[in-house]
Amino acid sequence: MPVTEGDRVITADTEPNHQELASIWFSIMCEPGDEFAGYIRHSLGVSTALRFVKAGNSAELVRQLTQARVQDIGTARFGDLNRVAGEALARWTPRLSATALTQSHDWLKRSKSWLITPQSEFWPENLNHLGWAAPAVLWGRGSPMALTATNQSLSVVGSRGATNYGAWVTGELITELRPFNISIVSGGAYGIDAAAHRAALAAGLTTVAVLAGGVDRLYPAGNHELFDAIIANGAVVSELPPGSSPTKWRFLQRNRLIAAMSDATLVVEAGKRSGSISTANHATELGRPVGAIPGPITATSSHGCNRLIQSGQAELIQDDDDVLNLLGLHSRLSSIDFDPTDNLGPLETRLLDALSIRPIEPTTAAQKAGLTIVEANVAFTQLNLAQLAVSTEKGWARLGAT
């Protein structure tokens with residue numbers, strides 16, 4: 001994939017600049033969600049921050065933060081900066097291995113993959129809302145252009161042990177989003193994640209899978225055919241370098257990216273301790289709307305969703321209109337099953353029941369409806385205004401009757 005000025009995508013044919021190389025180092029040496037790493041990157045610039053990290057002097061690093069006049073906000077968040085900086089360097093320094101960088105670059109060379117930094121125009125802007133917890137880079141397979149589609153997107157998450165109900169609801173709702181070109185973000189896991197990706201692919205929508213390990217280790221392996229389809233039609237991304245294994249911590253941190261990349265999060269099925277609840281919590285922390293599909297109170301796979309709704313953290317989702325409202329989009333008027341008779345009063349309802357497409361004398365219609373002629377005349381007027389009945393030379397007739 002060629003790289004042009006302004007759409008910086010690092011591939012096998014691209015030499016990273018100093019800033020991009022520094023971002024790659026942070027990806028290698030830091031665990032996902034390391035806010036102190038984000039703090040020094042934002043405060044000193046990624047290249048300068050890396051230089052002081054490599055120097056291994058925590059006191060000098062803190063001195064630079066003080067000179068940049070950002071020590072107060074750092075202290076407010078982390079406490080004693082000298083202590084936190086020392087602990088951070090102790091975590092990061094063992095990973096400052098030239099071998100790790102070489103292995104990552106070699107993998108780029110021998111695979112059709114890429115990586116982007118926050119300076120790339122393909123970078124999902126929504127990720128910046130994570131602040132210091134935003135990733136330093138995104139490693140990816142597929143098309144980086146798929147990430148720009150996440151500017152109008154929905155995260156769909158749920159139980160790995162999805163029921164037939166959950167998988168069906170997921171497919172139905174995503175299919176209905178086709179006219180709005182909503183991209184679907186999920187985690188590539190078994191169950192609801194996989195159902196969401198498959199529904200998006202079938203509907204011709206862009207879909208992005210966010211992994212908890214390196215993009216060279218597509219996990220779970222049983223979804224390899226699905227991952228191949230996502231790579232061919234969307235993107236698979238991770239903040240971790242190639243070779244990284246998924247862990248419990250990385251799964252939880254991965255969920256913050258799923259929540260951040262989208263405008264809203266939909267939880268289809270979730271148990272009490274489901275990882276999908278953490279995705280919903282991340283979305284709430286970011287101020288993003290959360291929706292949940294209700295389920296039977298006897299189904300353990302719905303306990304989490306029902307609790308989200310009960311607590312008010314999630315909106316109850318019943319159909320595609322609810323999903324569109326969750327995304328802040330207007331519902332499709334054509335999809336609303338509007339019945340003009342819903343707002344009729346009892347007199348108008350009785351009189352309308354007495355009418356047909358064949359004209360009938362007013363007195364006869366009143367008699368059939370059990371109304372006085374005065375009551376019928378009032379009802380006739382209301383039915384005419386509602387365009388449900390019309391007066392002809394031969395009497396009153398119902399409009400739209402079959």
# chains A, B, ... in the order shown; residues from 1 in each chain; ligands from 1
call {"tool": "residues_around", "arguments": {"residues": "Glu239 of chain A", "least_positions_apart": "6", "cutoff": "8 Å", "atoms": "only C-alpha atoms", "output": "ChimeraX atom specification"}}
result
/A:27,32,135-139,214
call {"tool": "write_last_selection", "arguments": {"atoms": "N, CA and C atoms", "output": "PDB file, in the first residue's frame"}}
result
ATOM      1  N   SER A  27       4.153   1.893  21.866  1.00  0.00           N
ATOM      2  CA  SER A  27       3.256   0.752  21.674  1.00  0.00           C
ATOM      3  C   SER A  27       3.907  -0.536  22.166  1.00  0.00           C
ATOM      4  N   PRO A  32      -1.625  -1.574  27.305  1.00  0.00           N
ATOM      5  CA  PRO A  32      -2.765  -0.736  26.899  1.00  0.00           C
ATOM      6  C   PRO A  32      -3.354   0.032  28.078  1.00  0.00           C
ATOM      7  N   PRO A 135      -4.503   5.181  22.618  1.00  0.00           N
ATOM      8  CA  PRO A 135      -3.332   4.400  22.191  1.00  0.00           C
ATOM      9  C   PRO A 135      -2.314   5.257  21.454  1.00  0.00           C
ATOM     10  N   ALA A 136      -1.072   4.798  21.447  1.00  0.00           N
ATOM     11  CA  ALA A 136      -0.006   5.520  20.752  1.00  0.00           C
ATOM     12  C   ALA A 136      -0.055   5.267  19.253  1.00  0.00           C
ATOM     13  N   VAL A 137      -0.447   4.061  18.864  1.00  0.00           N
ATOM     14  CA  VAL A 137      -0.557   3.687  17.451  1.00  0.00           C
ATOM     15  C   VAL A 137      -1.697   2.683  17.306  1.00  0.00           C
ATOM     16  N   LEU A 138      -2.064   2.415  16.080  1.00  0.00           N
ATOM     17  CA  LEU A 138      -2.946   1.298  15.751  1.00  0.00           C
ATOM     18  C   LEU A 138      -2.256   0.459  14.679  1.00  0.00           C
ATOM     19  N   TRP A 139      -2.045  -0.803  14.971  1.00  0.00           N
ATOM     20  CA  TRP A 139      -1.560  -1.754  13.973  1.00  0.00           C
ATOM     21  C   TRP A 139      -2.794  -2.328  13.283  1.00  0.00           C
ATOM     22  N   GLY A 214      -1.909  -9.036  19.243  1.00  0.00           N
ATOM     23  CA  GLY A 214      -1.383  -8.555  17.976  1.00  0.00           C
ATOM     24  C   GLY A 214      -2.236  -8.969  16.787  1.00  0.00           C
TER      25      GLY A 214
END
call {"tool": "residues_around", "arguments": {"residues": "segment 91-97 of chain A", "least_positions_apart": "2", "cutoff": "8 Å", "atoms": "only C-alpha atoms", "output": "list in words"}}
result
Trp25, Ile28, Met29, Cys30, Val53, Lys54, Gly56, Glu87, Ala88, Leu89, Thr99, Ala100 and Leu101 of chain A
call {"tool": "closest_residue", "arguments": {"among": "A:Leu226, A:Val157, A:Leu21, A:Val84", "to": "Leu266 of chain A", "atoms": "only C-alpha atoms"}}
result
A:Val157
call {"tool": "closest_residue", "arguments": {"among": "A:Asp80, A:Glu269, A:Asp321, A:Asp263", "to": "Gly287 of chain A", "atoms": "only C-alpha atoms"}}
result
A:Asp263
call {"tool": "select_by_dssp", "arguments": {"residues": "segment 102-191 of chain A", "states": "alpha helix (DSSP H)", "output": "list in words"}}
result
Thr102, Gln103, Ser104, His105, Asp106, Trp107, Leu108, Lys109, Arg110, Asn164, Tyr165, Gly166, Ala167, Trp168, Val169, Thr170, Gly171, Glu172, Leu173, Ile174, Thr175 and Glu176 of chain A
call {"tool": "write_last_selection", "arguments": {"atoms": "C-alpha atoms", "output": "short mmCIF file (atom, residue, chain, number, x, y, z; two decimals), in the first residue's frame"}}
result
data_model
loop_
_atom_site.label_atom_id
_atom_site.label_comp_id
_atom_site.auth_asym_id
_atom_site.auth_seq_id
_atom_site.Cartn_x
_atom_site.Cartn_y
_atom_site.Cartn_z
CA THR A 102 13.04 -5.28 14.53
CA GLN A 103 10.54 -8.13 14.87
CA SER A 104 7.60 -5.74 14.47
CA HIS A 105 9.14 -4.09 11.44
CA ASP A 106 10.01 -7.46 9.90
CA TRP A 107 6.41 -8.54 10.32
CA LEU A 108 5.25 -5.44 8.45
CA LYS A 109 7.63 -6.31 5.63
CA ARG A 110 6.38 -9.83 5.15
CA ASN A 164 -30.30 -18.02 18.83
CA TYR A 165 -32.42 -15.08 19.97
CA GLY A 166 -29.38 -12.88 20.49
CA ALA A 167 -27.80 -13.78 17.17
CA TRP A 168 -31.11 -13.22 15.35
CA VAL A 169 -31.76 -9.83 16.97
CA THR A 170 -28.21 -8.73 16.15
CA GLY A 171 -28.61 -9.65 12.50
CA GLU A 172 -32.03 -8.05 12.16
CA LEU A 173 -31.06 -4.71 13.71
CA ILE A 174 -27.79 -4.36 11.79
CA THR A 175 -29.47 -5.24 8.50
CA GLU A 176 -31.96 -2.42 9.06
#
call {"tool": "residues_around", "arguments": {"residues": "Pro118 of chain A", "least_positions_apart": "3", "cutoff": "10 Å", "atoms": "only C-alpha atoms", "output": "ChimeraX atom specification"}}
result
/A:8,20,23,121-125,127-128,134-138
call {"tool": "atom_distance", "arguments": {"atom1": "atom CA of Ala189 of chain A", "atom2": "atom CA of Ser113 of chain A"}}
result
20.8 Å
call {"tool": "atom_distance", "arguments": {"atom1": "atom CA of Ser111 of chain A", "atom2": "atom CA of Val215 of chain A"}}
result
10.6 Å
call {"tool": "atom_distance", "arguments": {"atom1": "atom CA of Arg273 of chain A", "atom2": "atom CA of Val156 of chain A"}}
result
17.1 Å
call {"tool": "select_by_dssp", "arguments": {"residues": "segment 174-238 of chain A", "states": "strand (DSSP E or B)", "output": "ChimeraX atom specification"}}
result
/A:183-186,207-210,235-238
call {"tool": "write_last_selection", "arguments": {"atoms": "N, CA and C atoms", "output": "mmCIF file, in the first residue's frame"}}
result
data_model
loop_
_atom_site.group_PDB
_atom_site.id
_atom_site.type_symbol
_atom_site.label_atom_id
_atom_site.label_comp_id
_atom_site.auth_asym_id
_atom_site.auth_seq_id
_atom_site.Cartn_x
_atom_site.Cartn_y
_atom_site.Cartn_z
ATOM 1 N N SER A 183 -21.230 2.055 10.202
ATOM 2 C CA SER A 183 -20.203 1.034 10.345
ATOM 3 C C SER A 183 -20.344 0.350 11.699
ATOM 4 N N ILE A 184 -19.936 -0.908 11.756
ATOM 5 C CA ILE A 184 -20.107 -1.730 12.955
ATOM 6 C C ILE A 184 -18.737 -2.080 13.534
ATOM 7 N N VAL A 185 -18.569 -1.788 14.812
ATOM 8 C CA VAL A 185 -17.319 -2.076 15.517
ATOM 9 C C VAL A 185 -17.589 -3.137 16.573
ATOM 10 N N SER A 186 -16.722 -4.132 16.635
ATOM 11 C CA SER A 186 -16.864 -5.165 17.663
ATOM 12 C C SER A 186 -15.501 -5.793 17.909
ATOM 13 N N THR A 207 -17.066 -2.889 8.624
ATOM 14 C CA THR A 207 -16.952 -3.423 9.976
ATOM 15 C C THR A 207 -15.492 -3.476 10.387
ATOM 16 N N VAL A 208 -15.240 -3.186 11.663
ATOM 17 C CA VAL A 208 -13.890 -3.150 12.229
ATOM 18 C C VAL A 208 -13.856 -4.041 13.461
ATOM 19 N N ALA A 209 -12.869 -4.939 13.507
ATOM 20 C CA ALA A 209 -12.668 -5.798 14.682
ATOM 21 C C ALA A 209 -11.461 -5.289 15.453
ATOM 22 N N VAL A 210 -11.638 -5.074 16.747
ATOM 23 C CA VAL A 210 -10.567 -4.587 17.610
ATOM 24 C C VAL A 210 -10.089 -5.754 18.467
ATOM 25 N N ALA A 235 -11.497 -3.771 8.429
ATOM 26 C CA ALA A 235 -10.176 -3.732 9.055
ATOM 27 C C ALA A 235 -10.177 -4.483 10.370
ATOM 28 N N VAL A 236 -9.018 -5.058 10.690
ATOM 29 C CA VAL A 236 -8.752 -5.644 11.995
ATOM 30 C C VAL A 236 -7.622 -4.818 12.593
ATOM 31 N N VAL A 237 -7.803 -4.307 13.819
ATOM 32 C CA VAL A 237 -6.807 -3.411 14.415
ATOM 33 C C VAL A 237 -6.486 -3.809 15.845
ATOM 34 N N SER A 238 -5.334 -3.341 16.312
ATOM 35 C CA SER A 238 -4.922 -3.531 17.700
ATOM 36 C C SER A 238 -3.941 -2.423 18.053
#
call {"tool": "residues_around", "arguments": {"residues": "segment 275-278 of chain A", "least_positions_apart": "2", "cutoff": "12 Å", "atoms": "only C-alpha atoms", "output": "VMD selection string"}}
result
chain A and resid 155 to 160 186 to 187 189 191 to 193 248 to 259 265 to 273 280 to 285 290 to 292 301 to 309 313 to 314
call {"tool": "decode", "arguments": {"residues": "segment 261-288 of chain A", "atoms": "N, CA and C atoms", "output": "PDB file, in the first residue's frame"}}
result
ATOM      1  N   MET A 261     -14.417   4.156  19.807  1.00  0.00           N
ATOM      2  CA  MET A 261     -14.407   4.315  18.351  1.00  0.00           C
ATOM      3  C   MET A 261     -15.787   4.606  17.783  1.00  0.00           C
ATOM      4  N   SER A 262     -16.832   4.344  18.552  1.00  0.00           N
ATOM      5  CA  SER A 262     -18.190   4.454  18.025  1.00  0.00           C
ATOM      6  C   SER A 262     -18.974   5.574  18.680  1.00  0.00           C
ATOM      7  N   ASP A 263     -20.067   5.950  18.020  1.00  0.00           N
ATOM      8  CA  ASP A 263     -20.941   6.999  18.541  1.00  0.00           C
ATOM      9  C   ASP A 263     -21.847   6.475  19.648  1.00  0.00           C
ATOM     10  N   ALA A 264     -22.069   5.174  19.663  1.00  0.00           N
ATOM     11  CA  ALA A 264     -22.939   4.564  20.671  1.00  0.00           C
ATOM     12  C   ALA A 264     -22.588   3.088  20.782  1.00  0.00           C
ATOM     13  N   THR A 265     -22.979   2.485  21.899  1.00  0.00           N
ATOM     14  CA  THR A 265     -22.712   1.063  22.129  1.00  0.00           C
ATOM     15  C   THR A 265     -24.023   0.329  22.371  1.00  0.00           C
ATOM     16  N   LEU A 266     -24.170  -0.799  21.698  1.00  0.00           N
ATOM     17  CA  LEU A 266     -25.346  -1.651  21.873  1.00  0.00           C
ATOM     18  C   LEU A 266     -24.914  -2.975  22.474  1.00  0.00           C
ATOM     19  N   VAL A 267     -25.497  -3.314  23.631  1.00  0.00           N
ATOM     20  CA  VAL A 267     -25.233  -4.597  24.283  1.00  0.00           C
ATOM     21  C   VAL A 267     -26.427  -5.499  23.997  1.00  0.00           C
ATOM     22  N   VAL A 268     -26.174  -6.609  23.325  1.00  0.00           N
ATOM     23  CA  VAL A 268     -27.279  -7.483  22.912  1.00  0.00           C
ATOM     24  C   VAL A 268     -27.580  -8.530  23.973  1.00  0.00           C
ATOM     25  N   GLU A 269     -26.584  -9.242  24.410  1.00  0.00           N
ATOM     26  CA  GLU A 269     -26.743 -10.215  25.492  1.00  0.00           C
ATOM     27  C   GLU A 269     -25.517 -10.117  26.391  1.00  0.00           C
ATOM     28  N   ALA A 270     -25.725 -10.180  27.684  1.00  0.00           N
ATOM     29  CA  ALA A 270     -24.601 -10.086  28.619  1.00  0.00           C
ATOM     30  C   ALA A 270     -24.996 -10.654  29.969  1.00  0.00           C
ATOM     31  N   GLY A 271     -24.153 -11.506  30.509  1.00  0.00           N
ATOM     32  CA  GLY A 271     -24.359 -11.997  31.860  1.00  0.00           C
ATOM     33  C   GLY A 271     -23.937 -10.944  32.873  1.00  0.00           C
ATOM     34  N   LYS A 272     -24.049 -11.272  34.149  1.00  0.00           N
ATOM     35  CA  LYS A 272     -23.746 -10.304  35.205  1.00  0.00           C
ATOM     36  C   LYS A 272     -22.304  -9.828  35.150  1.00  0.00           C
ATOM     37  N   ARG A 273     -21.377 -10.737  34.819  1.00  0.00           N
ATOM     38  CA  ARG A 273     -19.955 -10.402  34.816  1.00  0.00           C
ATOM     39  C   ARG A 273     -19.376 -10.384  33.401  1.00  0.00           C
ATOM     40  N   SER A 274     -20.202 -10.167  32.435  1.00  0.00           N
ATOM     41  CA  SER A 274     -19.751 -10.168  31.044  1.00  0.00           C
ATOM     42  C   SER A 274     -18.794  -9.012  30.778  1.00  0.00           C
ATOM     43  N   GLY A 275     -17.805  -9.259  29.918  1.00  0.00           N
ATOM     44  CA  GLY A 275     -16.909  -8.192  29.505  1.00  0.00           C
ATOM     45  C   GLY A 275     -17.639  -7.094  28.763  1.00  0.00           C
ATOM     46  N   SER A 276     -18.807  -7.416  28.223  1.00  0.00           N
ATOM     47  CA  SER A 276     -19.592  -6.412  27.516  1.00  0.00           C
ATOM     48  C   SER A 276     -20.049  -5.298  28.449  1.00  0.00           C
ATOM     49  N   ILE A 277     -20.208  -5.626  29.736  1.00  0.00           N
ATOM     50  CA  ILE A 277     -20.583  -4.607  30.707  1.00  0.00           C
ATOM     51  C   ILE A 277     -19.461  -3.584  30.837  1.00  0.00           C
ATOM     52  N   SER A 278     -18.208  -4.048  30.772  1.00  0.00           N
ATOM     53  CA  SER A 278     -17.088  -3.100  30.850  1.00  0.00           C
ATOM     54  C   SER A 278     -17.083  -2.182  29.635  1.00  0.00           C
ATOM     55  N   THR A 279     -17.462  -2.703  28.470  1.00  0.00           N
ATOM     56  CA  THR A 279     -17.564  -1.846  27.287  1.00  0.00           C
ATOM     57  C   THR A 279     -18.627  -0.781  27.490  1.00  0.00           C
ATOM     58  N   ALA A 280     -19.772  -1.194  28.044  1.00  0.00           N
ATOM     59  CA  ALA A 280     -20.838  -0.232  28.337  1.00  0.00           C
ATOM     60  C   ALA A 280     -20.369   0.812  29.339  1.00  0.00           C
ATOM     61  N   ASN A 281     -19.608   0.376  30.348  1.00  0.00           N
ATOM     62  CA  ASN A 281     -19.109   1.319  31.346  1.00  0.00           C
ATOM     63  C   ASN A 281     -18.140   2.324  30.731  1.00  0.00           C
ATOM     64  N   HIS A 282     -17.275   1.851  29.840  1.00  0.00           N
ATOM     65  CA  HIS A 282     -16.353   2.758  29.150  1.00  0.00           C
ATOM     66  C   HIS A 282     -17.138   3.781  28.321  1.00  0.00           C
ATOM     67  N   ALA A 283     -18.174   3.309  27.634  1.00  0.00           N
ATOM     68  CA  ALA A 283     -18.989   4.218  26.828  1.00  0.00           C
ATOM     69  C   ALA A 283     -19.640   5.281  27.705  1.00  0.00           C
ATOM     70  N   THR A 284     -20.156   4.870  28.854  1.00  0.00           N
ATOM     71  CA  THR A 284     -20.793   5.813  29.774  1.00  0.00           C
ATOM     72  C   THR A 284     -19.786   6.851  30.272  1.00  0.00           C
ATOM     73  N   GLU A 285     -18.584   6.398  30.608  1.00  0.00           N
ATOM     74  CA  GLU A 285     -17.539   7.316  31.067  1.00  0.00           C
ATOM     75  C   GLU A 285     -17.194   8.351  29.998  1.00  0.00           C
ATOM     76  N   LEU A 286     -17.304   7.944  28.739  1.00  0.00           N
ATOM     77  CA  LEU A 286     -17.005   8.845  27.628  1.00  0.00           C
ATOM     78  C   LEU A 286     -18.195   9.720  27.259  1.00  0.00           C
ATOM     79  N   GLY A 287     -19.330   9.504  27.930  1.00  0.00           N
ATOM     80  CA  GLY A 287     -20.525  10.275  27.613  1.00  0.00           C
ATOM     81  C   GLY A 287     -21.236   9.788  26.374  1.00  0.00           C
ATOM     82  N   ARG A 288     -20.954   8.549  25.966  1.00  0.00           N
ATOM     83  CA  ARG A 288     -21.599   7.976  24.782  1.00  0.00           C
ATOM     84  C   ARG A 288     -22.853   7.220  25.203  1.00  0.00           C
TER      85      ARG A 288
END
